[in-house]
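Here's the structure we're looking at; comments come further down.
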Amino acid sequence: MPELTPEDALRLNVLLAGETQAIRIDDAALTVHALTPRGEAKVKLHPSGRPDQYLRLVRELLAGHAIGSPGGYPNYIQRWTRMGQARDKGLDRLLLLGEPEAVVSVAYSNGLTDELARRAWWAMPVADNARRMLERESVVQGGMGKILAEFLIEHLPFENQPHVIIDTVRIVLQPGLADEAARRRLWGRGGHDSAYYVGFLERMPDELPEPCAGRADGAAWQPRLAALGTRGNPYAALLARTLSGPGQAFLKASEEVLRSPADQDVANALLNVLAAYFATVRPPSRDGGNTAEAAVADAEALGAGADQPDTLREMLETLPELSKEVCAMLTLSRMDAEVATPVLARTTAAGTLMRRKLEPVSTPILHQLAVLRGVPFTPAASRRR
């Protein structure tokens, strides 16, 4: 039965007897690396047989030390998930196993602390672990927050999956992680890849790096909108926000993304961001279900007086000249990703072909955006010609 060489067994046991904080194994170099309070230590292995079998013996030794169950290690690790369900207690022990999946389990755990994030990052510095760790407030506010964010920003140009780009931008834009220069660099990449814009629209819709002036005719309505808004009228408050400079910047960027989404992930994410922006005035769905046609019809019916809430009636009676804008907000509040499902579920297309198939959804949205921006409506198809 194979065993560790006496030299390796002695050196590994001495290593484990100290203040070891995390372990990683370089299979190719046959080296065990350890993180300690004094820095990094390592043990070069000298296998007496096949390297893969010898490394299994090393992992069994580590598992026996860390969790007291070397024989049960395979079953133990199979129970781990990437759903943050690892027990919060004993996470530090998992980092002593020298097993990548154990590090992932810690990175995804709800019990992650800034110190555990430091150890896990040393053990396995990969982008996905950084993203998951930055979903924990303790890490964002701790010493690892900026370190992980800087890594993600630096490596973001090498990501080619739109949903990963959206997720990364959203994460690094959390307060305190990226400085103004970094945010502007990320925003600048949106000119070549609209997925970058979606992360900004979701995380900081009222603070986009590319400002716009408020709608030219909006100043005449802002005093009355403000008066209604202070009395708790959600329609007036949202319209005042939309007509302002930040609101117009949000609408402009949303239109740019909607005209050129790279794939279904970008399109769906944008629709959800738009619906969330107007969520405070979202009316209930009627018999037509949640489709683009039903959203438009329901908004027009509600604006015409069918079952109007008192606040909506107050808004339309005070500023009847803004009835089209109110209708546009009602429509967009219903235009989440669900309205695109009947179209996108029937195709795996991306790029130009997907955008063409999406026109039954994108065209009415572009029309509502034009109403709120106070500009002529230009269909997506005419932009392509």
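By order in the structure tokens, chains are A, B, ...; within a chain, residues start at 1; ligands start at 1, following the order shown.
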
What are the closest atom pairs, with distances in Å to one decimal, for all residues of range 241-273 of chain A lying within 8 Å of range 215-232 of chain A? Consider only C-alpha atoms, order rows by chain and residue number, and present the result as JSON lines.
{"residue": "A:Leu243", "atom": "CA", "partner": "A:Arg215", "partner_atom": "CA", "distance": 5.5}
{"residue": "A:Ser244", "atom": "CA", "partner": "A:Arg215", "partner_atom": "CA", "distance": 6.5}
{"residue": "A:Gly245", "atom": "CA", "partner": "A:Arg215", "partner_atom": "CA", "distance": 7.0}
{"residue": "A:Gln248", "atom": "CA", "partner": "A:Arg215", "partner_atom": "CA", "distance": 6.9}

### Task
With a distance cut-off of 12 Å and only C-alpha atoms, select the neighbouring residues of Ala276 in chain A, excluding the residue or stretch itself and same-chain residues fewer than 6 positions from it, and output the selection as a PyMOL selection string.
chain A and resi 201-203+205+238+269-270+282+329-330+332-337

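Excluding Ser362 in chain A and any residue on its chain fewer than 6 positions from it, the residues at most 8 Å away by only C-alpha atoms are Leu258, Arg259 and Ala380 of chain A.
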
### Message
Counting only C-alpha atoms, which residue out of A:Val43, A:Pro209, A:Pro37, A:Val164 sits closest to Arg118 in chain A?
### Response
A:Pro37

### Task
Apply DSSP to the structure's backbone, then extract all residues of range 139-298 of chain A labelled helix (DSSP H, G or I) and return them as a PyMOL selection string.
chain A and resi 139-140+144-158+162-172+180-189+195-203+218-220+222-230+234-243+245-259+264-277+279-281+292-298

### Task
List the neighbours of Ser285 in chain A out to 12 Å using only C-alpha atoms; skip same-chain residues closer than 2 positions along the sequence, and give me the result as a list in words.
Arg282, Pro283, Asp287, Gly288, Gly289, Asn290, Thr291, Ala292, Glu293, Ala294, Ala295, Val296, Ala297, Asp298, Ala299, Ala301, Leu302, Leu330, Thr331, Ser333, Arg334, Met335 and Val339 of chain A

Restricting the output to N, CA and C atoms, write the selected residues as a PDB file, in the first residue's frame.
ATOM      1  N   ARG A 282     -45.962  50.891 -11.892  1.00  0.00           N
ATOM      2  CA  ARG A 282     -46.385  49.707 -12.653  1.00  0.00           C
ATOM      3  C   ARG A 282     -47.846  49.361 -12.346  1.00  0.00           C
ATOM      4  N   PRO A 283     -48.701  49.317 -13.369  1.00  0.00           N
ATOM      5  CA  PRO A 283     -50.096  48.932 -13.151  1.00  0.00           C
ATOM      6  C   PRO A 283     -50.229  47.412 -13.164  1.00  0.00           C
ATOM      7  N   ASP A 287     -56.298  41.200 -18.657  1.00  0.00           N
ATOM      8  CA  ASP A 287     -56.570  39.918 -19.309  1.00  0.00           C
ATOM      9  C   ASP A 287     -55.593  39.599 -20.432  1.00  0.00           C
ATOM     10  N   GLY A 288     -54.952  40.626 -20.990  1.00  0.00           N
ATOM     11  CA  GLY A 288     -54.057  40.390 -22.124  1.00  0.00           C
ATOM     12  C   GLY A 288     -52.740  39.750 -21.748  1.00  0.00           C
ATOM     13  N   GLY A 289     -52.469  39.585 -20.456  1.00  0.00           N
ATOM     14  CA  GLY A 289     -51.218  38.975 -20.037  1.00  0.00           C
ATOM     15  C   GLY A 289     -50.068  39.957 -20.116  1.00  0.00           C
ATOM     16  N   ASN A 290     -48.864  39.431 -19.946  1.00  0.00           N
ATOM     17  CA  ASN A 290     -47.679  40.295 -19.940  1.00  0.00           C
ATOM     18  C   ASN A 290     -46.963  40.208 -21.283  1.00  0.00           C
ATOM     19  N   THR A 291     -47.524  40.877 -22.266  1.00  0.00           N
ATOM     20  CA  THR A 291     -46.919  40.978 -23.594  1.00  0.00           C
ATOM     21  C   THR A 291     -46.723  42.444 -23.926  1.00  0.00           C
ATOM     22  N   ALA A 292     -45.933  42.712 -24.962  1.00  0.00           N
ATOM     23  CA  ALA A 292     -45.708  44.103 -25.360  1.00  0.00           C
ATOM     24  C   ALA A 292     -47.021  44.762 -25.775  1.00  0.00           C
ATOM     25  N   GLU A 293     -47.823  44.035 -26.526  1.00  0.00           N
ATOM     26  CA  GLU A 293     -49.095  44.598 -26.974  1.00  0.00           C
ATOM     27  C   GLU A 293     -50.012  44.892 -25.785  1.00  0.00           C
ATOM     28  N   ALA A 294     -50.054  43.965 -24.823  1.00  0.00           N
ATOM     29  CA  ALA A 294     -50.901  44.161 -23.657  1.00  0.00           C
ATOM     30  C   ALA A 294     -50.414  45.326 -22.809  1.00  0.00           C
ATOM     31  N   ALA A 295     -49.102  45.503 -22.692  1.00  0.00           N
ATOM     32  CA  ALA A 295     -48.554  46.609 -21.904  1.00  0.00           C
ATOM     33  C   ALA A 295     -48.967  47.948 -22.483  1.00  0.00           C
ATOM     34  N   VAL A 296     -48.894  48.072 -23.805  1.00  0.00           N
ATOM     35  CA  VAL A 296     -49.291  49.316 -24.471  1.00  0.00           C
ATOM     36  C   VAL A 296     -50.795  49.549 -24.303  1.00  0.00           C
ATOM     37  N   ALA A 297     -51.589  48.514 -24.545  1.00  0.00           N
ATOM     38  CA  ALA A 297     -53.046  48.655 -24.466  1.00  0.00           C
ATOM     39  C   ALA A 297     -53.499  48.985 -23.043  1.00  0.00           C
ATOM     40  N   ASP A 298     -52.925  48.331 -22.049  1.00  0.00           N
ATOM     41  CA  ASP A 298     -53.317  48.569 -20.663  1.00  0.00           C
ATOM     42  C   ASP A 298     -52.957  49.986 -20.228  1.00  0.00           C
ATOM     43  N   ALA A 299     -51.789  50.459 -20.656  1.00  0.00           N
ATOM     44  CA  ALA A 299     -51.377  51.817 -20.291  1.00  0.00           C
ATOM     45  C   ALA A 299     -52.306  52.846 -20.913  1.00  0.00           C
ATOM     46  N   ALA A 301     -55.442  52.374 -21.794  1.00  0.00           N
ATOM     47  CA  ALA A 301     -56.744  52.273 -21.146  1.00  0.00           C
ATOM     48  C   ALA A 301     -56.731  52.957 -19.780  1.00  0.00           C
ATOM     49  N   LEU A 302     -55.657  52.759 -19.048  1.00  0.00           N
ATOM     50  CA  LEU A 302     -55.552  53.373 -17.722  1.00  0.00           C
ATOM     51  C   LEU A 302     -55.444  54.889 -17.841  1.00  0.00           C
ATOM     52  N   LEU A 330     -46.096  54.236 -17.834  1.00  0.00           N
ATOM     53  CA  LEU A 330     -46.915  53.072 -17.501  1.00  0.00           C
ATOM     54  C   LEU A 330     -46.557  51.885 -18.392  1.00  0.00           C
ATOM     55  N   THR A 331     -46.342  52.162 -19.662  1.00  0.00           N
ATOM     56  CA  THR A 331     -45.986  51.093 -20.602  1.00  0.00           C
ATOM     57  C   THR A 331     -44.634  50.488 -20.266  1.00  0.00           C
ATOM     58  N   SER A 333     -43.026  50.414 -17.543  1.00  0.00           N
ATOM     59  CA  SER A 333     -42.989  49.708 -16.262  1.00  0.00           C
ATOM     60  C   SER A 333     -43.351  48.232 -16.411  1.00  0.00           C
ATOM     61  N   ARG A 334     -44.033  47.899 -17.502  1.00  0.00           N
ATOM     62  CA  ARG A 334     -44.444  46.513 -17.756  1.00  0.00           C
ATOM     63  C   ARG A 334     -43.506  45.793 -18.724  1.00  0.00           C
ATOM     64  N   MET A 335     -42.553  46.508 -19.293  1.00  0.00           N
ATOM     65  CA  MET A 335     -41.718  45.932 -20.345  1.00  0.00           C
ATOM     66  C   MET A 335     -40.475  45.237 -19.777  1.00  0.00           C
ATOM     67  N   VAL A 339     -41.819  40.025 -21.376  1.00  0.00           N
ATOM     68  CA  VAL A 339     -42.516  40.373 -22.622  1.00  0.00           C
ATOM     69  C   VAL A 339     -41.746  39.879 -23.839  1.00  0.00           C
TER      70      VAL A 339
END

Please tabulate, as CSV, the residues of range 173-227 of chain A that come within 10 Å of range 133-145 of chain A, each with its closest pair of atoms and the distance in Å to one decimal, counting only C-alpha atoms and ordering rows by chain, then residue number upward.
residue,atom,partner,partner_atom,distance
A:Gln174,CA,A:Val140,CA,7.9
A:Pro175,CA,A:Val140,CA,8.5
A:Gly176,CA,A:Gln141,CA,7.8
A:Leu177,CA,A:Gly145,CA,6.4
A:Ala178,CA,A:Gly145,CA,9.7

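Picture a line from CA of Leu97 in chain A to CA of Asp27 in chain A; it runs 13.7 Å.
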